Amino acid sequence: MSATPMISIIDDDESVRVATESLVRSLGLKARTFASAEDFLQSALVGTTSCVITDVQMPGMSGVELQSVLRARGDTTPLIFITAFPEERIRRQVDAGGAVGFLAKPFDGADMIACIDRALGEGSPVSLNS
């Protein structure tokens with residue numbers, strides 16, 4: 001029997017972290033939250049997490065910068081981006097880096113579940129800007 005996947009959730013907004021963590025746990029998955037990309041990068045979960053859900057805009061390192069750092073290290077962990085400002089330029093940038101999802105806040109739970117399923121199953125990318 002395989003281990004339960006761990007999903008890392010990174011957002012500076014505590015309410016988003018709590019709600020997303022609840023959704024992930026309702027799927028029978030493990031979840032760990034981080035208030036910043038820097039906190040995640042300093043954790044033991046880097047390189048072992050099954051998927052990262054990250055905000056695009058945060059104080060300090062952005063989600064886009066996090067993706068660049070991970071890819072530069074050779075880390076191919078699937079990333080799902082969430083943002084209150086769904087700009088097409090940013091979507092193209094994260095897609096080029098292999099994002100499996102780009103969701104506008106507030107996102108529908110079913111859309112996030114579809115992204116997580118794709119991340120864990122290496123399915124097609126999802127981009128929902130509305």
# chains A, B, ... in the order shown; residues from 1 in each chain; ligands from 1

call {"tool": "select_by_dssp", "arguments": {"residues": "stretch 7-127 of chain A", "states": "strand (DSSP E)", "output": "ChimeraX atom specification"}}
result
/A:7-10,30-34,51-55,79-83,101-104,126-127

call {"tool": "select_by_dssp", "arguments": {"residues": "chain A", "states": "alpha helix (DSSP H)", "output": "PyMOL selection string"}}
result
chain A and resi 14-26+37-41+63-72+88-96+109-121

call {"tool": "closest_residue", "arguments": {"among": "A:Ser15, A:Thr76, A:Thr83, A:Thr20", "to": "A:Gly98", "atoms": "only C-alpha atoms"}}
result
A:Thr76

call {"tool": "closest_residue", "arguments": {"among": "A:Val46, A:Met112, A:Ala31, A:Leu66", "to": "A:Pro5", "atoms": "only C-alpha atoms"}}
result
A:Ala31

call {"tool": "atom_distance", "arguments": {"atom1": "atom CA of A:Thr33", "atom2": "atom CA of A:Glu21"}}
result
7.1 Å

call {"tool": "closest_residue", "arguments": {"among": "A:Ala35, A:Leu45, A:Ile80, A:Ala99", "to": "A:Met6", "atoms": "only C-alpha atoms"}}
result
A:Leu45

call {"tool": "closest_residue", "arguments": {"among": "A:Ile10, A:Ala44, A:Val100, A:Arg17", "to": "A:Asp117", "atoms": "only C-alpha atoms"}}
result
A:Val100

call {"tool": "atom_distance", "arguments": {"atom1": "atom CA of A:Arg32", "atom2": "atom CA of A:Thr49"}}
result
9.4 Å

call {"tool": "closest_residue", "arguments": {"among": "A:Arg92, A:Lys30, A:Arg25, A:Lys105", "to": "A:Val64", "atoms": "only C-alpha atoms"}}
result
A:Arg92

call {"tool": "closest_residue", "arguments": {"among": "A:Pro106, A:Asp95, A:Phe40, A:Ala3", "to": "A:Val16", "atoms": "only C-alpha atoms"}}
result
A:Pro106

call {"tool": "atom_distance", "arguments": {"atom1": "atom CA of A:Cys115", "atom2": "atom CA of A:Phe102"}}
result
8.6 Å

call {"tool": "residues_around", "arguments": {"residues": "A:Ala119", "least_positions_apart": "5", "cutoff": "9 Å", "atoms": "only C-alpha atoms", "output": "mmCIF file with N, CA and C atoms, in the first residue's frame"}}
result
data_model
loop_
_atom_site.group_PDB
_atom_site.id
_atom_site.type_symbol
_atom_site.label_atom_id
_atom_site.label_comp_id
_atom_site.auth_asym_id
_atom_site.auth_seq_id
_atom_site.Cartn_x
_atom_site.Cartn_y
_atom_site.Cartn_z
ATOM 1 N N SER A 50 4.014 15.803 -2.373
ATOM 2 C CA SER A 50 3.452 15.290 -3.627
ATOM 3 C C SER A 50 2.957 16.394 -4.543
ATOM 4 N N CYS A 51 2.605 17.549 -3.948
ATOM 5 C CA CYS A 51 2.063 18.670 -4.712
ATOM 6 C C CYS A 51 2.154 19.922 -3.846
ATOM 7 N N THR A 77 8.260 18.831 -8.502
ATOM 8 C CA THR A 77 6.989 18.711 -7.782
ATOM 9 C C THR A 77 5.908 19.512 -8.496
ATOM 10 N N PRO A 78 4.728 18.915 -8.715
ATOM 11 C CA PRO A 78 3.633 19.660 -9.351
ATOM 12 C C PRO A 78 3.214 20.861 -8.509
ATOM 13 N N LEU A 79 2.948 21.984 -9.169
ATOM 14 C CA LEU A 79 2.501 23.198 -8.486
ATOM 15 C C LEU A 79 1.142 23.630 -9.024
ATOM 16 N N ILE A 80 0.277 24.033 -8.092
ATOM 17 C CA ILE A 80 -1.015 24.625 -8.410
ATOM 18 C C ILE A 80 -0.964 26.048 -7.871
ATOM 19 N N ALA A 99 3.279 24.357 -14.407
ATOM 20 C CA ALA A 99 2.158 24.391 -13.456
ATOM 21 C C ALA A 99 1.051 23.454 -13.910
ATOM 22 N N VAL A 100 0.401 22.796 -12.947
ATOM 23 C CA VAL A 100 -0.721 21.911 -13.282
ATOM 24 C C VAL A 100 -2.061 22.601 -13.071
ATOM 25 N N GLY A 101 -2.033 23.817 -12.531
ATOM 26 C CA GLY A 101 -3.273 24.554 -12.343
ATOM 27 C C GLY A 101 -3.009 26.013 -12.046
ATOM 28 N N ALA A 114 -10.005 18.961 -9.040
ATOM 29 C CA ALA A 114 -9.579 18.544 -10.384
ATOM 30 C C ALA A 114 -8.080 18.801 -10.567
ATOM 31 N N SER A 124 -3.659 16.563 -17.425
ATOM 32 C CA SER A 124 -3.541 17.805 -18.176
ATOM 33 C C SER A 124 -3.630 19.018 -17.266
ATOM 34 N N PRO A 125 -2.934 20.106 -17.587
ATOM 35 C CA PRO A 125 -3.022 21.339 -16.790
ATOM 36 C C PRO A 125 -4.419 21.934 -16.822
#

call {"tool": "decode", "arguments": {"residues": "stretch 4-15 of chain A", "atoms": "all heavy atoms", "output": "PDB file, in the first residue's frame"}}
result
ATOM      1  N   THR A   4       0.135   7.889   1.887  1.00  0.00           N
ATOM      2  CA  THR A   4      -0.827   8.939   1.572  1.00  0.00           C
ATOM      3  C   THR A   4      -0.076  10.172   1.089  1.00  0.00           C
ATOM      4  O   THR A   4       0.856  10.629   1.749  1.00  0.00           O
ATOM      5  CB  THR A   4      -1.659   9.297   2.820  1.00  0.00           C
ATOM      6  OG1 THR A   4      -2.313   8.120   3.274  1.00  0.00           O
ATOM      7  CG2 THR A   4      -2.683  10.368   2.512  1.00  0.00           C
ATOM      8  N   PRO A   5      -0.460  10.736  -0.054  1.00  0.00           N
ATOM      9  CA  PRO A   5       0.225  11.928  -0.567  1.00  0.00           C
ATOM     10  C   PRO A   5       0.139  13.114   0.389  1.00  0.00           C
ATOM     11  O   PRO A   5      -0.873  13.310   1.059  1.00  0.00           O
ATOM     12  CB  PRO A   5      -0.524  12.231  -1.869  1.00  0.00           C
ATOM     13  CG  PRO A   5      -1.125  10.936  -2.287  1.00  0.00           C
ATOM     14  CD  PRO A   5      -1.479  10.250  -0.994  1.00  0.00           C
ATOM     15  N   MET A   6       1.231  13.876   0.446  1.00  0.00           N
ATOM     16  CA  MET A   6       1.304  15.097   1.246  1.00  0.00           C
ATOM     17  C   MET A   6       1.188  16.291   0.315  1.00  0.00           C
ATOM     18  O   MET A   6       1.925  16.392  -0.673  1.00  0.00           O
ATOM     19  CB  MET A   6       2.628  15.171   2.002  1.00  0.00           C
ATOM     20  CG  MET A   6       2.894  16.507   2.683  1.00  0.00           C
ATOM     21  SD  MET A   6       1.718  16.928   3.997  1.00  0.00           S
ATOM     22  CE  MET A   6       2.281  15.823   5.293  1.00  0.00           C
ATOM     23  N   ILE A   7       0.250  17.185   0.629  1.00  0.00           N
ATOM     24  CA  ILE A   7       0.062  18.406  -0.141  1.00  0.00           C
ATOM     25  C   ILE A   7       0.537  19.569   0.715  1.00  0.00           C
ATOM     26  O   ILE A   7       0.090  19.730   1.859  1.00  0.00           O
ATOM     27  CB  ILE A   7      -1.426  18.620  -0.521  1.00  0.00           C
ATOM     28  CG1 ILE A   7      -2.027  17.356  -1.157  1.00  0.00           C
ATOM     29  CG2 ILE A   7      -1.572  19.850  -1.403  1.00  0.00           C
ATOM     30  CD1 ILE A   7      -1.408  16.913  -2.437  1.00  0.00           C
ATOM     31  N   SER A   8       1.430  20.395   0.177  1.00  0.00           N
ATOM     32  CA  SER A   8       1.914  21.582   0.885  1.00  0.00           C
ATOM     33  C   SER A   8       1.156  22.799   0.370  1.00  0.00           C
ATOM     34  O   SER A   8       1.054  22.999  -0.844  1.00  0.00           O
ATOM     35  CB  SER A   8       3.420  21.762   0.667  1.00  0.00           C
ATOM     36  OG  SER A   8       4.125  20.695   1.265  1.00  0.00           O
ATOM     37  N   ILE A   9       0.625  23.584   1.305  1.00  0.00           N
ATOM     38  CA  ILE A   9      -0.203  24.748   0.971  1.00  0.00           C
ATOM     39  C   ILE A   9       0.517  25.997   1.453  1.00  0.00           C
ATOM     40  O   ILE A   9       0.827  26.116   2.645  1.00  0.00           O
ATOM     41  CB  ILE A   9      -1.587  24.629   1.634  1.00  0.00           C
ATOM     42  CG1 ILE A   9      -2.274  23.338   1.161  1.00  0.00           C
ATOM     43  CG2 ILE A   9      -2.430  25.863   1.357  1.00  0.00           C
ATOM     44  CD1 ILE A   9      -3.374  22.856   2.087  1.00  0.00           C
ATOM     45  N   ILE A  10       0.771  26.930   0.530  1.00  0.00           N
ATOM     46  CA  ILE A  10       1.519  28.142   0.863  1.00  0.00           C
ATOM     47  C   ILE A  10       0.673  29.358   0.510  1.00  0.00           C
ATOM     48  O   ILE A  10       0.338  29.570  -0.651  1.00  0.00           O
ATOM     49  CB  ILE A  10       2.856  28.201   0.099  1.00  0.00           C
ATOM     50  CG1 ILE A  10       3.649  26.901   0.274  1.00  0.00           C
ATOM     51  CG2 ILE A  10       3.670  29.414   0.553  1.00  0.00           C
ATOM     52  CD1 ILE A  10       4.797  26.741  -0.702  1.00  0.00           C
ATOM     53  N   ASP A  11       0.327  30.140   1.525  1.00  0.00           N
ATOM     54  CA  ASP A  11      -0.445  31.372   1.298  1.00  0.00           C
ATOM     55  C   ASP A  11      -0.258  32.253   2.517  1.00  0.00           C
ATOM     56  O   ASP A  11      -0.236  31.763   3.645  1.00  0.00           O
ATOM     57  CB  ASP A  11      -1.936  31.048   1.100  1.00  0.00           C
ATOM     58  CG  ASP A  11      -2.687  32.176   0.409  1.00  0.00           C
ATOM     59  OD1 ASP A  11      -2.672  33.311   0.943  1.00  0.00           O
ATOM     60  OD2 ASP A  11      -3.289  31.928  -0.642  1.00  0.00           O
ATOM     61  N   ASP A  12      -0.102  33.556   2.293  1.00  0.00           N
ATOM     62  CA  ASP A  12       0.063  34.474   3.421  1.00  0.00           C
ATOM     63  C   ASP A  12      -1.260  34.754   4.125  1.00  0.00           C
ATOM     64  O   ASP A  12      -1.267  35.281   5.227  1.00  0.00           O
ATOM     65  CB  ASP A  12       0.724  35.786   2.974  1.00  0.00           C
ATOM     66  CG  ASP A  12      -0.054  36.483   1.876  1.00  0.00           C
ATOM     67  OD1 ASP A  12      -0.383  35.833   0.869  1.00  0.00           O
ATOM     68  OD2 ASP A  12      -0.327  37.692   2.013  1.00  0.00           O
ATOM     69  N   ASP A  13      -2.383  34.361   3.529  1.00  0.00           N
ATOM     70  CA  ASP A  13      -3.709  34.571   4.112  1.00  0.00           C
ATOM     71  C   ASP A  13      -4.111  33.314   4.885  1.00  0.00           C
ATOM     72  O   ASP A  13      -4.354  32.255   4.288  1.00  0.00           O
ATOM     73  CB  ASP A  13      -4.713  34.864   2.994  1.00  0.00           C
ATOM     74  CG  ASP A  13      -6.107  35.171   3.498  1.00  0.00           C
ATOM     75  OD1 ASP A  13      -6.493  34.676   4.576  1.00  0.00           O
ATOM     76  OD2 ASP A  13      -6.831  35.894   2.796  1.00  0.00           O
ATOM     77  N   GLU A  14      -4.178  33.439   6.207  1.00  0.00           N
ATOM     78  CA  GLU A  14      -4.477  32.282   7.049  1.00  0.00           C
ATOM     79  C   GLU A  14      -5.814  31.633   6.697  1.00  0.00           C
ATOM     80  O   GLU A  14      -5.941  30.404   6.694  1.00  0.00           O
ATOM     81  CB  GLU A  14      -4.466  32.667   8.524  1.00  0.00           C
ATOM     82  CG  GLU A  14      -4.709  31.477   9.436  1.00  0.00           C
ATOM     83  CD  GLU A  14      -4.679  31.817  10.915  1.00  0.00           C
ATOM     84  OE1 GLU A  14      -4.687  33.010  11.262  1.00  0.00           O
ATOM     85  OE2 GLU A  14      -4.666  30.871  11.706  1.00  0.00           O
ATOM     86  N   SER A  15      -6.828  32.439   6.377  1.00  0.00           N
ATOM     87  CA  SER A  15      -8.137  31.865   6.067  1.00  0.00           C
ATOM     88  C   SER A  15      -8.077  30.995   4.804  1.00  0.00           C
ATOM     89  O   SER A  15      -8.750  29.960   4.725  1.00  0.00           O
ATOM     90  CB  SER A  15      -9.196  32.953   5.916  1.00  0.00           C
ATOM     91  OG  SER A  15      -8.918  33.795   4.816  1.00  0.00           O
TER      92      SER A  15
END
